[in-house]
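The structure file model.pdb is reproduced below (PDB, C-alpha atoms and all ligand atoms).
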ATOM      1  CA  MET A   1     126.972  73.955  85.099
ATOM      2  CA  SER A   2     126.743  77.729  85.562
ATOM      3  CA  ALA A   3     123.383  79.196  86.610
ATOM      4  CA  ARG A   4     121.540  81.224  83.916
ATOM      5  CA  PRO A   5     121.074  84.914  84.825
ATOM      6  CA  VAL A   6     117.532  85.635  85.970
ATOM      7  CA  PRO A   7     116.502  89.190  84.986
ATOM      8  CA  ARG A   8     114.382  91.086  87.485
ATOM      9  CA  ALA A   9     111.762  93.839  87.251
ATOM     10  CA  GLU A  10     113.475  96.041  89.803
ATOM     11  CA  ALA A  11     116.874  96.072  91.539
ATOM     12  CA  VAL A  12     118.944  98.177  93.899
ATOM     13  CA  GLY A  13     122.677  98.958  94.044
ATOM     14  CA  ARG A  14     124.505 100.756  96.844
ATOM     15  CA  ALA A  15     127.974 102.290  97.162
ATOM     16  CA  PRO A  16     129.823 104.430  99.710
ATOM     17  CA  ALA A  17     131.414 107.877  99.493
ATOM     18  CA  LYS A  18     135.171 108.336  99.659
ATOM     19  CA  LEU A  19     137.872 110.576 101.059
ATOM     20  CA  ILE A  20     141.412 110.864  99.775
ATOM     21  CA  LEU A  21     143.772 110.814 102.734
ATOM     22  CA  SER A  22     146.801 111.544 100.568
ATOM     23  CA  GLY A  23     147.841 111.805  96.940
ATOM     24  CA  GLU A  24     144.995 113.536  95.084
ATOM     25  CA  HIS A  25     146.204 115.048  91.797
ATOM     26  CA  SER A  26     149.615 113.311  91.961
ATOM     27  CA  VAL A  27     147.681 110.022  91.481
ATOM     28  CA  VAL A  28     146.712 111.235  87.998
ATOM     29  CA  TYR A  29     150.434 111.057  87.089
ATOM     30  CA  GLY A  30     151.112 107.538  88.339
ATOM     31  CA  HIS A  31     151.958 108.278  91.997
ATOM     32  CA  PRO A  32     150.154 106.363  94.759
ATOM     33  CA  ALA A  33     147.079 107.675  96.574
ATOM     34  CA  ILE A  34     145.529 106.510  99.837
ATOM     35  CA  ALA A  35     141.748 106.542  99.752
ATOM     36  CA  LEU A  36     139.111 105.592 102.310
ATOM     37  CA  ALA A  37     135.538 104.500 101.704
ATOM     38  CA  VAL A  38     133.360 106.310 104.246
ATOM     39  CA  ARG A  39     129.937 105.617 105.706
ATOM     40  CA  ARG A  40     127.854 107.880 103.508
ATOM     41  CA  GLU A  41     125.944 106.093 100.799
ATOM     42  CA  THR A  42     124.283 106.412  97.405
ATOM     43  CA  THR A  43     121.470 104.030  96.467
ATOM     44  CA  VAL A  44     120.292 103.514  92.882
ATOM     45  CA  ARG A  45     116.998 101.712  92.236
ATOM     46  CA  LEU A  46     116.336 100.651  88.646
ATOM     47  CA  GLU A  47     112.829  99.702  87.481
ATOM     48  CA  ARG A  48     111.942  98.318  84.082
ATOM     49  CA  ARG A  49     109.353 100.402  82.278
ATOM     50  CA  PRO A  50     108.515 101.070  78.621
ATOM     51  CA  GLY A  51     109.959 104.115  76.833
ATOM     52  CA  PRO A  52     113.310 105.884  76.941
ATOM     53  CA  THR A  53     115.447 105.404  80.046
ATOM     54  CA  ALA A  54     114.859 108.413  82.312
ATOM     55  CA  LEU A  55     115.565 109.763  85.764
ATOM     56  CA  GLY A  56     112.699 109.296  88.225
ATOM     57  CA  SER A  57     113.728 110.792  91.550
ATOM     58  CA  ALA A  58     117.179 112.247  92.210
ATOM     59  CA  PRO A  59     118.517 114.437  95.039
ATOM     60  CA  PHE A  60     120.370 116.737  92.617
ATOM     61  CA  ALA A  61     119.551 118.477  89.344
ATOM     62  CA  ASP A  62     122.743 117.942  87.319
ATOM     63  CA  PRO A  63     122.287 117.694  83.536
ATOM     64  CA  ARG A  64     125.389 115.458  83.313
ATOM     65  CA  VAL A  65     123.799 112.644  85.337
ATOM     66  CA  LEU A  66     121.571 110.956  82.741
ATOM     67  CA  PRO A  67     124.117 111.050  79.847
ATOM     68  CA  ALA A  68     126.799 109.738  82.233
ATOM     69  CA  LEU A  69     124.638 106.815  83.381
ATOM     70  CA  LEU A  70     123.660 106.034  79.762
ATOM     71  CA  THR A  71     127.313 105.172  79.061
ATOM     72  CA  VAL A  72     126.479 101.927  80.902
ATOM     73  CA  LEU A  73     122.678 101.634  80.995
ATOM     74  CA  PRO A  74     120.515 100.956  77.919
ATOM     75  CA  GLU A  75     118.877 103.914  76.130
ATOM     76  CA  ASP A  76     115.401 102.424  76.651
ATOM     77  CA  GLY A  77     113.381 100.621  79.236
ATOM     78  CA  LEU A  78     114.511 101.906  82.653
ATOM     79  CA  CYS A  79     113.482 104.366  85.344
ATOM     80  CA  ILE A  80     116.442 105.437  87.533
ATOM     81  CA  ASN A  81     115.789 106.511  91.136
ATOM     82  CA  ILE A  82     118.673 107.897  93.176
ATOM     83  CA  GLN A  83     118.966 108.521  96.911
ATOM     84  CA  SER A  84     122.125 109.800  98.537
ATOM     85  CA  ASP A  85     123.538 111.383 101.669
ATOM     86  CA  VAL A  86     126.906 112.042  99.978
ATOM     87  CA  PRO A  87     127.568 115.797  99.716
ATOM     88  CA  VAL A  88     127.717 116.760  96.028
ATOM     89  CA  GLY A  89     130.774 118.530  94.567
ATOM     90  CA  ARG A  90     132.630 118.408  97.867
ATOM     91  CA  GLY A  91     135.436 115.965  97.031
ATOM     92  CA  MET A  92     133.658 113.087  98.768
ATOM     93  CA  GLY A  93     133.099 111.003  95.654
ATOM     94  CA  SER A  94     129.417 111.652  94.951
ATOM     95  CA  SER A  95     129.852 110.783  91.254
ATOM     96  CA  ALA A  96     131.972 107.713  92.066
ATOM     97  CA  ALA A  97     129.363 106.395  94.519
ATOM     98  CA  LEU A  98     126.670 107.042  91.907
ATOM     99  CA  ALA A  99     128.738 105.211  89.278
ATOM    100  CA  VAL A 100     129.359 102.129  91.420
ATOM    101  CA  ALA A 101     125.788 101.992  92.753
ATOM    102  CA  THR A 102     124.471 102.185  89.170
ATOM    103  CA  VAL A 103     126.776  99.449  87.889
ATOM    104  CA  ARG A 104     125.693  97.243  90.803
ATOM    105  CA  ALA A 105     121.992  97.944  90.296
ATOM    106  CA  TRP A 106     122.269  97.173  86.563
ATOM    107  CA  ALA A 107     124.031  93.854  87.169
ATOM    108  CA  ALA A 108     121.424  92.954  89.805
ATOM    109  CA  LEU A 109     118.573  93.853  87.430
ATOM    110  CA  GLU A 110     120.032  91.587  84.775
ATOM    111  CA  GLY A 111     120.673  88.848  87.341
ATOM    112  CA  ARG A 112     124.443  88.868  86.603
ATOM    113  CA  SER A 113     127.264  88.581  89.107
ATOM    114  CA  LEU A 114     129.845  91.362  89.101
ATOM    115  CA  ASP A 115     133.542  91.355  89.937
ATOM    116  CA  PHE A 116     135.816  94.304  90.752
ATOM    117  CA  ALA A 117     137.371  94.439  87.251
ATOM    118  CA  LEU A 118     133.988  94.892  85.540
ATOM    119  CA  THR A 119     132.712  97.285  88.221
ATOM    120  CA  HIS A 120     135.835  99.401  87.772
ATOM    121  CA  ALA A 121     135.696  99.353  83.961
ATOM    122  CA  GLN A 122     131.999 100.315  83.823
ATOM    123  CA  GLY A 123     132.443 102.830  86.648
ATOM    124  CA  PHE A 124     135.228 104.444  84.608
ATOM    125  CA  ALA A 125     132.854 105.054  81.693
ATOM    126  CA  ILE A 126     130.500 106.943  84.022
ATOM    127  CA  GLU A 127     133.309 108.812  85.814
ATOM    128  CA  ARG A 128     134.865 109.894  82.497
ATOM    129  CA  ALA A 129     131.538 111.398  81.448
ATOM    130  CA  PHE A 130     131.662 113.552  84.614
ATOM    131  CA  HIS A 131     135.369 114.318  84.965
ATOM    132  CA  GLY A 132     137.249 113.840  81.682
ATOM    133  CA  GLN A 133     140.316 111.733  82.491
ATOM    134  CA  PRO A 134     140.098 110.682  86.162
ATOM    135  CA  SER A 135     142.688 108.382  87.713
ATOM    136  CA  GLY A 136     140.006 105.904  88.785
ATOM    137  CA  VAL A 137     140.870 106.063  92.496
ATOM    138  CA  ASP A 138     137.472 107.434  93.541
ATOM    139  CA  HIS A 139     135.317 104.673  92.130
ATOM    140  CA  ALA A 140     137.947 102.002  92.948
ATOM    141  CA  VAL A 141     137.684 102.705  96.668
ATOM    142  CA  SER A 142     133.905 103.075  96.462
ATOM    143  CA  ALA A 143     133.761  99.587  94.910
ATOM    144  CA  LEU A 144     136.306  97.989  97.263
ATOM    145  CA  GLY A 145     135.337  99.643 100.573
ATOM    146  CA  GLY A 146     137.808 100.010 103.452
ATOM    147  CA  ALA A 147     141.138 101.723 102.825
ATOM    148  CA  ILE A 148     143.308 101.269  99.761
ATOM    149  CA  CYS A 149     146.592 102.379  98.291
ATOM    150  CA  TYR A 150     145.911 102.951  94.566
ATOM    151  CA  ARG A 151     148.025 103.540  91.486
ATOM    152  CA  LYS A 152     146.811 104.222  87.965
ATOM    153  CA  GLY A 153     148.765 101.505  86.156
ATOM    154  CA  ALA A 154     149.337 101.461  82.387
ATOM    155  CA  ALA A 155     147.714  98.014  82.296
ATOM    156  CA  GLY A 156     144.822  98.900  84.618
ATOM    157  CA  PRO A 157     144.297  99.812  88.242
ATOM    158  CA  ASP A 158     146.878  98.613  90.727
ATOM    159  CA  TRP A 159     145.686  98.641  94.328
ATOM    160  CA  GLN A 160     146.344  97.103  97.724
ATOM    161  CA  ALA A 161     143.989  96.946 100.687
ATOM    162  CA  LEU A 162     145.395  98.816 103.703
ATOM    163  CA  ARG A 163     144.765  97.579 107.207
ATOM    164  CA  CYS A 164     143.975 101.118 108.312
ATOM    165  CA  PRO A 165     142.143 101.751 111.615
ATOM    166  CA  ASP A 166     138.958 103.824 111.686
ATOM    167  CA  LEU A 167     140.784 107.160 111.995
ATOM    168  CA  PRO A 168     139.021 109.903 114.027
ATOM    169  CA  LEU A 169     138.239 112.229 111.113
ATOM    170  CA  VAL A 170     136.165 115.395 111.107
ATOM    171  CA  ILE A 171     134.982 116.929 107.830
ATOM    172  CA  LEU A 172     134.613 120.713 107.496
ATOM    173  CA  ASP A 173     132.626 121.917 104.511
ATOM    174  CA  SER A 174     133.793 125.063 102.687
ATOM    175  CA  GLY A 175     130.228 125.552 101.403
ATOM    176  CA  SER A 176     131.275 125.685  97.751
ATOM    177  CA  ALA A 177     131.831 123.044  95.098
ATOM    178  CA  GLY A 178     135.056 122.392  93.209
ATOM    179  CA  ASP A 179     135.019 121.474  89.521
ATOM    180  CA  THR A 180     137.179 118.341  89.363
ATOM    181  CA  ALA A 181     137.685 118.344  85.584
ATOM    182  CA  ALA A 182     138.735 122.029  85.597
ATOM    183  CA  LEU A 183     141.068 121.550  88.594
ATOM    184  CA  VAL A 184     142.731 118.490  87.039
ATOM    185  CA  ALA A 185     143.150 120.467  83.772
ATOM    186  CA  GLY A 186     144.632 123.401  85.736
ATOM    187  CA  VAL A 187     147.227 121.126  87.343
ATOM    188  CA  ALA A 188     148.056 119.627  83.924
ATOM    189  CA  SER A 189     148.622 123.146  82.544
ATOM    190  CA  ARG A 190     151.185 123.878  85.307
ATOM    191  CA  ARG A 191     153.347 120.890  84.418
ATOM    192  CA  PRO A 192     156.235 120.197  84.024
ATOM    193  CA  GLY A 193     157.117 123.037  86.454
ATOM    194  CA  ILE A 194     155.207 121.407  89.331
ATOM    195  CA  ASP A 195     156.424 117.849  88.676
ATOM    196  CA  PRO A 196     158.888 117.920  91.629
ATOM    197  CA  VAL A 197     155.946 118.803  93.930
ATOM    198  CA  LEU A 198     153.875 115.926  92.519
ATOM    199  CA  GLU A 199     156.847 113.628  93.183
ATOM    200  CA  ARG A 200     157.082 114.865  96.790
ATOM    201  CA  MET A 201     153.367 114.086  97.184
ATOM    202  CA  GLY A 202     153.969 110.574  95.905
ATOM    203  CA  ALA A 203     156.863 110.028  98.349
ATOM    204  CA  LEU A 204     154.788 111.430 101.220
ATOM    205  CA  THR A 205     151.900 109.095 100.366
ATOM    206  CA  ALA A 206     154.250 106.092 100.363
ATOM    207  CA  ARG A 207     155.503 107.141 103.851
ATOM    208  CA  LEU A 208     151.910 107.491 105.053
ATOM    209  CA  ALA A 209     151.024 104.004 103.774
ATOM    210  CA  GLN A 210     153.939 102.600 105.806
ATOM    211  CA  LEU A 211     152.845 104.491 108.913
ATOM    212  CA  LEU A 212     149.250 103.278 108.584
ATOM    213  CA  ALA A 213     150.396  99.671 108.287
ATOM    214  CA  ALA A 214     151.732  99.806 111.882
ATOM    215  CA  PRO A 215     149.512  97.996 114.434
ATOM    216  CA  ALA A 216     148.702 101.325 116.177
ATOM    217  CA  PRO A 217     149.679 104.223 113.875
ATOM    218  CA  ALA A 218     150.941 107.320 115.719
ATOM    219  CA  LEU A 219     148.241 109.900 115.005
ATOM    220  CA  ARG A 220     150.611 112.856 115.455
ATOM    221  CA  GLN A 221     152.934 111.493 112.761
ATOM    222  CA  VAL A 222     149.980 110.810 110.465
ATOM    223  CA  GLY A 223     148.759 114.370 111.147
ATOM    224  CA  ARG A 224     152.143 115.877 110.269
ATOM    225  CA  LEU A 225     151.984 114.185 106.875
ATOM    226  CA  LEU A 226     148.441 115.493 106.308
ATOM    227  CA  ASP A 227     149.640 119.041 107.046
ATOM    228  CA  GLU A 228     152.545 118.594 104.652
ATOM    229  CA  ASN A 229     150.195 117.216 102.013
ATOM    230  CA  HIS A 230     147.967 120.294 102.327
ATOM    231  CA  LYS A 231     150.964 122.600 101.769
ATOM    232  CA  LEU A 232     151.924 120.662  98.644
ATOM    233  CA  LEU A 233     148.325 120.886  97.361
ATOM    234  CA  ARG A 234     148.519 124.650  97.938
ATOM    235  CA  ASP A 235     151.792 124.727  95.986
ATOM    236  CA  ILE A 236     150.128 123.147  92.947
ATOM    237  CA  GLY A 237     147.359 125.748  93.087
ATOM    238  CA  VAL A 238     144.276 123.741  94.118
ATOM    239  CA  SER A 239     143.622 125.171  97.587
ATOM    240  CA  THR A 240     141.639 128.334  98.270
ATOM    241  CA  PRO A 241     141.810 130.939 101.060
ATOM    242  CA  ARG A 242     138.634 129.395 102.536
ATOM    243  CA  LEU A 243     140.141 125.877 102.590
ATOM    244  CA  ASP A 244     143.339 127.258 104.193
ATOM    245  CA  GLU A 245     141.165 128.955 106.835
ATOM    246  CA  LEU A 246     139.329 125.708 107.616
ATOM    247  CA  VAL A 247     142.659 123.868 107.977
ATOM    248  CA  ALA A 248     143.906 126.583 110.367
ATOM    249  CA  LEU A 249     140.651 126.514 112.371
ATOM    250  CA  ALA A 250     140.795 122.712 112.780
ATOM    251  CA  ARG A 251     144.474 122.820 113.783
ATOM    252  CA  SER A 252     143.914 125.565 116.368
ATOM    253  CA  ALA A 253     140.986 123.593 117.865
ATOM    254  CA  GLY A 254     143.114 120.488 118.463
ATOM    255  CA  ALA A 255     143.306 118.561 115.168
ATOM    256  CA  VAL A 256     146.755 116.968 114.823
ATOM    257  CA  GLY A 257     146.703 117.461 111.035
ATOM    258  CA  ALA A 258     144.347 118.715 108.330
ATOM    259  CA  LYS A 259     144.198 119.017 104.563
ATOM    260  CA  LEU A 260     141.803 119.625 101.714
ATOM    261  CA  ALA A 261     140.410 116.338 100.443
ATOM    262  CA  GLY A 262     139.619 115.694  96.786
ATOM    263  CA  ALA A 263     140.188 117.976  93.826
ATOM    264  CA  GLY A 264     140.109 121.223  95.878
ATOM    265  CA  GLY A 265     138.891 124.614  94.591
ATOM    266  CA  GLY A 266     136.130 124.268  97.224
ATOM    267  CA  GLY A 267     134.799 121.074  98.759
ATOM    268  CA  VAL A 268     135.885 119.809 102.149
ATOM    269  CA  VAL A 269     138.799 119.713 104.544
ATOM    270  CA  LEU A 270     139.503 116.551 106.506
ATOM    271  CA  ALA A 271     140.958 116.951 109.984
ATOM    272  CA  LEU A 272     142.511 114.214 112.093
ATOM    273  CA  CYS A 273     141.102 114.759 115.573
ATOM    274  CA  PRO A 274     141.995 112.446 118.477
ATOM    275  CA  ASP A 275     139.240 114.391 120.283
ATOM    276  CA  PRO A 276     136.652 115.514 117.686
ATOM    277  CA  GLY A 277     134.497 117.477 120.213
ATOM    278  CA  PRO A 278     136.473 120.760 120.310
ATOM    279  CA  VAL A 279     136.896 120.823 116.504
ATOM    280  CA  LEU A 280     133.165 120.242 115.959
ATOM    281  CA  ALA A 281     132.408 122.946 118.554
ATOM    282  CA  ALA A 282     134.814 125.460 116.931
ATOM    283  CA  ALA A 283     133.234 124.764 113.538
ATOM    284  CA  ALA A 284     129.711 125.233 114.967
ATOM    285  CA  GLN A 285     130.803 128.499 116.590
ATOM    286  CA  ALA A 286     132.086 129.732 113.199
ATOM    287  CA  GLU A 287     128.906 128.434 111.472
ATOM    288  CA  ILE A 288     130.864 125.963 109.365
ATOM    289  CA  PRO A 289     129.042 122.688 108.595
ATOM    290  CA  ALA A 290     131.136 119.878 110.103
ATOM    291  CA  PHE A 291     130.642 116.206 110.936
ATOM    292  CA  SER A 292     132.570 113.093 111.928
ATOM    293  CA  VAL A 293     133.020 110.310 109.384
ATOM    294  CA  HIS A 294     133.885 106.637 109.753
ATOM    295  CA  VAL A 295     135.594 104.274 107.360
ATOM    296  CA  ALA A 296     133.179 101.897 105.604
ATOM    297  CA  PRO A 297     134.150  98.218 105.867
ATOM    298  CA  PRO A 298     135.848  96.456 102.933
ATOM    299  CA  GLU A 299     133.450  94.729 100.529
ATOM    300  CA  PRO A 300     133.489  90.936 100.774
ATOM    301  CA  ARG A 301     135.713  89.473  98.025
TER     302      ARG A 301
HETATM  303  C1  LIG B 401     139.452 113.646  92.854
HETATM  304  O1  LIG B 401     138.702 113.037  93.895
HETATM  305  C2  LIG B 401     140.841 113.125  92.864
HETATM  306  C3  LIG B 401     141.781 113.710  91.804
HETATM  307  O2  LIG B 401     143.070 113.163  92.059
HETATM  308  C4  LIG B 401     141.331 113.374  90.398
HETATM  309  C5  LIG B 401     141.523 111.907  90.052
HETATM  310  O3  LIG B 401     142.236 111.168  90.745
HETATM  311  O4  LIG B 401     140.962 111.514  89.038
HETATM  312  C6  LIG B 401     141.887 115.228  91.911
END

Encoded form using C-alpha cells:
Amino acid sequence: MSARPVPRAEAVGRAPAKLILSGEHSVVYGHPAIALAVRRETTVRLERRPGPTALGSAPFADPRVLPALLTVLPEDGLCINIQSDVPVGRGMGSSAALAVATVRAWAALEGRSLDFALTHAQGFAIERAFHGQPSGVDHAVSALGGAICYRKGAAGPDWQALRCPDLPLVILDSGSAGDTAALVAGVASRRPGIDPVLERMGALTARLAQLLAAPAPALRQVGRLLDENHKLLRDIGVSTPRLDELVALARSAGAVGAKLAGAGGGGVVLALCPDPGPVLAAAAQAEIPAFSVHVAPPEPR
C-alpha cells in the first residue's frame, strides 16, 4: 500500500550551482558536456497563503523569475522566498539551481516524492522560460550533484555520473553578465560554418571524460584540454577580451589550464590551479573577484 501524500503549510527545496568543465554550446547540438555541481546553493521556501502566488523575498530583481516559476507552481496560493549565494548571470547556473530548488520545494509542500526524470522535466519548463531552448545540462547536474557527462538525447537526457575528484578550481569573475539565450542564438546563427569547431569540442570533451576517469587524473593534461576548449569557444565567438585577459592572468599566475565557463559573453573563467594561492593573489592584486570552488557531492539515488 503506497502512503498518501501529506500536504504541508511550508516547505524548503535546495539545489547547487554548476560549472561546465567542457562542452558548453556544443552540447546544444548533441555533443557531450562535462558538468560539475559546486558548493554554492539556492534555497526556495514556499509558504501557503491566500491570493495570487507572489515573490516574497528574493536576492535579485529579475522580472523573468515569477513567470518562469509559474510554469511549474500554481497561479494562486503561494509565497515564494528565495535565498542564494550563486552569482547571477555568471555562467554558474543560478537559474538552474533556482529551477531545481523550486521543483523540490513544490514536491515537498505537496508531500510527494520526486525522481530525477520529473525534476528534470519540470526544471526544463523553468529553464526554457529563462533561456529559450537550453540543452538541459545545467539543471541536470544541479539535480544530480557530483560530476556528470551529459548529452541532449532525442528521447530525453542521457547522462553518466563521472568519478571525478574534487579538482582544485579557482573562479575569476569578469564582473559582467552574459545573456545565455542571446549567446546560444548567436552560435546558432553562425552554423553550419562553425560545425567543425563544435565537433572538435565534442571530441575534446570525450577525451577529457576518459582522462577524468583515471584513478588520479594528470592535472596538466586536464589543463591542456581546458586551454584548448577556451580557444574553441573563442573561435565560435562567445569569449570576450575581458575573459581572454582573465584566462591569461590565471595561466601566468600558475594555473595549468583555464577557460570561460558557461555561455560566455561575460560571466566567469574557471582555472585549474594545483596551488590556488598565487592565482587568488594575482586576482586580488588586479582587483578581480576570485574564489575557490569545490564539487558538491552526488545526490543520493
Ligand atoms: C549554459 O550554461 C550552457 C550552454 O551550453 C547552453 C545550454 O547548454 O543550454 C551555453

Box along x, y and z, 3 Å on every side, all listed atoms of ligand LIG 401 (chain B) inside: centre and edge lengths in Å to one decimal, as AutoDock Vina command-line options.
--center_x 140.9 --center_y 113.2 --center_z 91.5 --size_x 10.4 --size_y 10.1 --size_z 10.9

Please evaluate the PyMOL selection byres (((chain A and resi 154-156) around 12) and not hetatm) against the displayed coordinates and give the resulting residues as a compact mmCIF listing (two decimals) with C-alpha atoms, in the frame of the given file.
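And here's selection.txt as it stands now:
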# COMPACT_ATOMS: atom_id res chain seq x y z
CA VAL A 28 146.71 111.24 88.00
CA TYR A 29 150.43 111.06 87.09
CA GLY A 30 151.11 107.54 88.34
CA PHE A 116 135.82 94.30 90.75
CA ALA A 117 137.37 94.44 87.25
CA LEU A 118 133.99 94.89 85.54
CA HIS A 120 135.84 99.40 87.77
CA ALA A 121 135.70 99.35 83.96
CA PHE A 124 135.23 104.44 84.61
CA SER A 135 142.69 108.38 87.71
CA GLY A 136 140.01 105.90 88.78
CA VAL A 137 140.87 106.06 92.50
CA ALA A 140 137.95 102.00 92.95
CA TYR A 150 145.91 102.95 94.57
CA ARG A 151 148.02 103.54 91.49
CA LYS A 152 146.81 104.22 87.96
CA GLY A 153 148.76 101.50 86.16
CA PRO A 157 144.30 99.81 88.24
CA ASP A 158 146.88 98.61 90.73
CA TRP A 159 145.69 98.64 94.33

Near-ligand residues for ligand LIG 401 (chain B), threshold 10 Å, only C-alpha atoms and all ligand atoms, as a PDB file with C-alpha atoms, in the coordinates of the input:
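So part-v1.pdb came out as:
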ATOM      1  CA  LYS A  18     135.171 108.336  99.659  1.00  0.00           C
ATOM      2  CA  LEU A  19     137.872 110.576 101.059  1.00  0.00           C
ATOM      3  CA  ILE A  20     141.412 110.864  99.775  1.00  0.00           C
ATOM      4  CA  SER A  22     146.801 111.544 100.568  1.00  0.00           C
ATOM      5  CA  GLY A  23     147.841 111.805  96.940  1.00  0.00           C
ATOM      6  CA  GLU A  24     144.995 113.536  95.084  1.00  0.00           C
ATOM      7  CA  HIS A  25     146.204 115.048  91.797  1.00  0.00           C
ATOM      8  CA  SER A  26     149.615 113.311  91.961  1.00  0.00           C
ATOM      9  CA  VAL A  27     147.681 110.022  91.481  1.00  0.00           C
ATOM     10  CA  VAL A  28     146.712 111.235  87.998  1.00  0.00           C
ATOM     11  CA  TYR A  29     150.434 111.057  87.089  1.00  0.00           C
ATOM     12  CA  GLY A  30     151.112 107.538  88.339  1.00  0.00           C
ATOM     13  CA  ALA A  33     147.079 107.675  96.574  1.00  0.00           C
ATOM     14  CA  ALA A  35     141.748 106.542  99.752  1.00  0.00           C
ATOM     15  CA  GLY A  89     130.774 118.530  94.567  1.00  0.00           C
ATOM     16  CA  ARG A  90     132.630 118.408  97.867  1.00  0.00           C
ATOM     17  CA  GLY A  91     135.436 115.965  97.031  1.00  0.00           C
ATOM     18  CA  MET A  92     133.658 113.087  98.768  1.00  0.00           C
ATOM     19  CA  GLY A  93     133.099 111.003  95.654  1.00  0.00           C
ATOM     20  CA  SER A  94     129.417 111.652  94.951  1.00  0.00           C
ATOM     21  CA  SER A  95     129.852 110.783  91.254  1.00  0.00           C
ATOM     22  CA  ALA A  96     131.972 107.713  92.066  1.00  0.00           C
ATOM     23  CA  GLU A 127     133.309 108.812  85.814  1.00  0.00           C
ATOM     24  CA  ARG A 128     134.865 109.894  82.497  1.00  0.00           C
ATOM     25  CA  HIS A 131     135.369 114.318  84.965  1.00  0.00           C
ATOM     26  CA  GLY A 132     137.249 113.840  81.682  1.00  0.00           C
ATOM     27  CA  GLN A 133     140.316 111.733  82.491  1.00  0.00           C
ATOM     28  CA  PRO A 134     140.098 110.682  86.162  1.00  0.00           C
ATOM     29  CA  SER A 135     142.688 108.382  87.713  1.00  0.00           C
ATOM     30  CA  GLY A 136     140.006 105.904  88.785  1.00  0.00           C
ATOM     31  CA  VAL A 137     140.870 106.063  92.496  1.00  0.00           C
ATOM     32  CA  ASP A 138     137.472 107.434  93.541  1.00  0.00           C
ATOM     33  CA  HIS A 139     135.317 104.673  92.130  1.00  0.00           C
ATOM     34  CA  TYR A 150     145.911 102.951  94.566  1.00  0.00           C
ATOM     35  CA  ARG A 151     148.025 103.540  91.486  1.00  0.00           C
ATOM     36  CA  LYS A 152     146.811 104.222  87.965  1.00  0.00           C
ATOM     37  CA  GLY A 178     135.056 122.392  93.209  1.00  0.00           C
ATOM     38  CA  ASP A 179     135.019 121.474  89.521  1.00  0.00           C
ATOM     39  CA  THR A 180     137.179 118.341  89.363  1.00  0.00           C
ATOM     40  CA  ALA A 181     137.685 118.344  85.584  1.00  0.00           C
ATOM     41  CA  ALA A 182     138.735 122.029  85.597  1.00  0.00           C
ATOM     42  CA  LEU A 183     141.068 121.550  88.594  1.00  0.00           C
ATOM     43  CA  VAL A 184     142.731 118.490  87.039  1.00  0.00           C
ATOM     44  CA  ALA A 185     143.150 120.467  83.772  1.00  0.00           C
ATOM     45  CA  VAL A 187     147.227 121.126  87.343  1.00  0.00           C
ATOM     46  CA  VAL A 238     144.276 123.741  94.118  1.00  0.00           C
ATOM     47  CA  ALA A 261     140.410 116.338 100.443  1.00  0.00           C
ATOM     48  CA  GLY A 262     139.619 115.694  96.786  1.00  0.00           C
ATOM     49  CA  ALA A 263     140.188 117.976  93.826  1.00  0.00           C
ATOM     50  CA  GLY A 264     140.109 121.223  95.878  1.00  0.00           C
TER      51      GLY A 264
END

Checklist entry - Gly13 of chain A: which residues within 9 Å, counting only C-alpha atoms, same-chain residues fewer than 4 positions away excluded, as a list of chain:residue names? => result A:Thr42, A:Thr43, A:Val44, A:Arg45, A:Leu46, A:Val100, A:Ala101, A:Thr102, A:Val103, A:Arg104, A:Ala105, A:Trp106, A:Ala107, A:Ala108

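Residues with any atom within 9 Å of segment 58-62 of chain A, counting all atoms listed in the file and excluding same-chain neighbours fewer than 6 positions away, are Ile80, Asn81, Ile82, Gln83, Ser84, Asp85 and Val88 of chain A.
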
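In this comparison, which uses all atoms listed in the file, the residue of A:Leu172, A:Leu66, A:Val256, A:Leu162 approaching Val222 of chain A most closely is A:Val256.
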
Checklist entry - Where does the PyMOL selection byres (((chain A and resi 170) around 6) and not hetatm) land in this file, that is, which residues does it pick, as a ChimeraX atom specification? => result /A:169,171,270-271,291-292

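Here the question is which of A:Gly266, A:Pro32, A:Pro7, A:Pro276 gets nearest to Arg207 of chain A using all atoms listed in the file, and that residue is A:Pro32.
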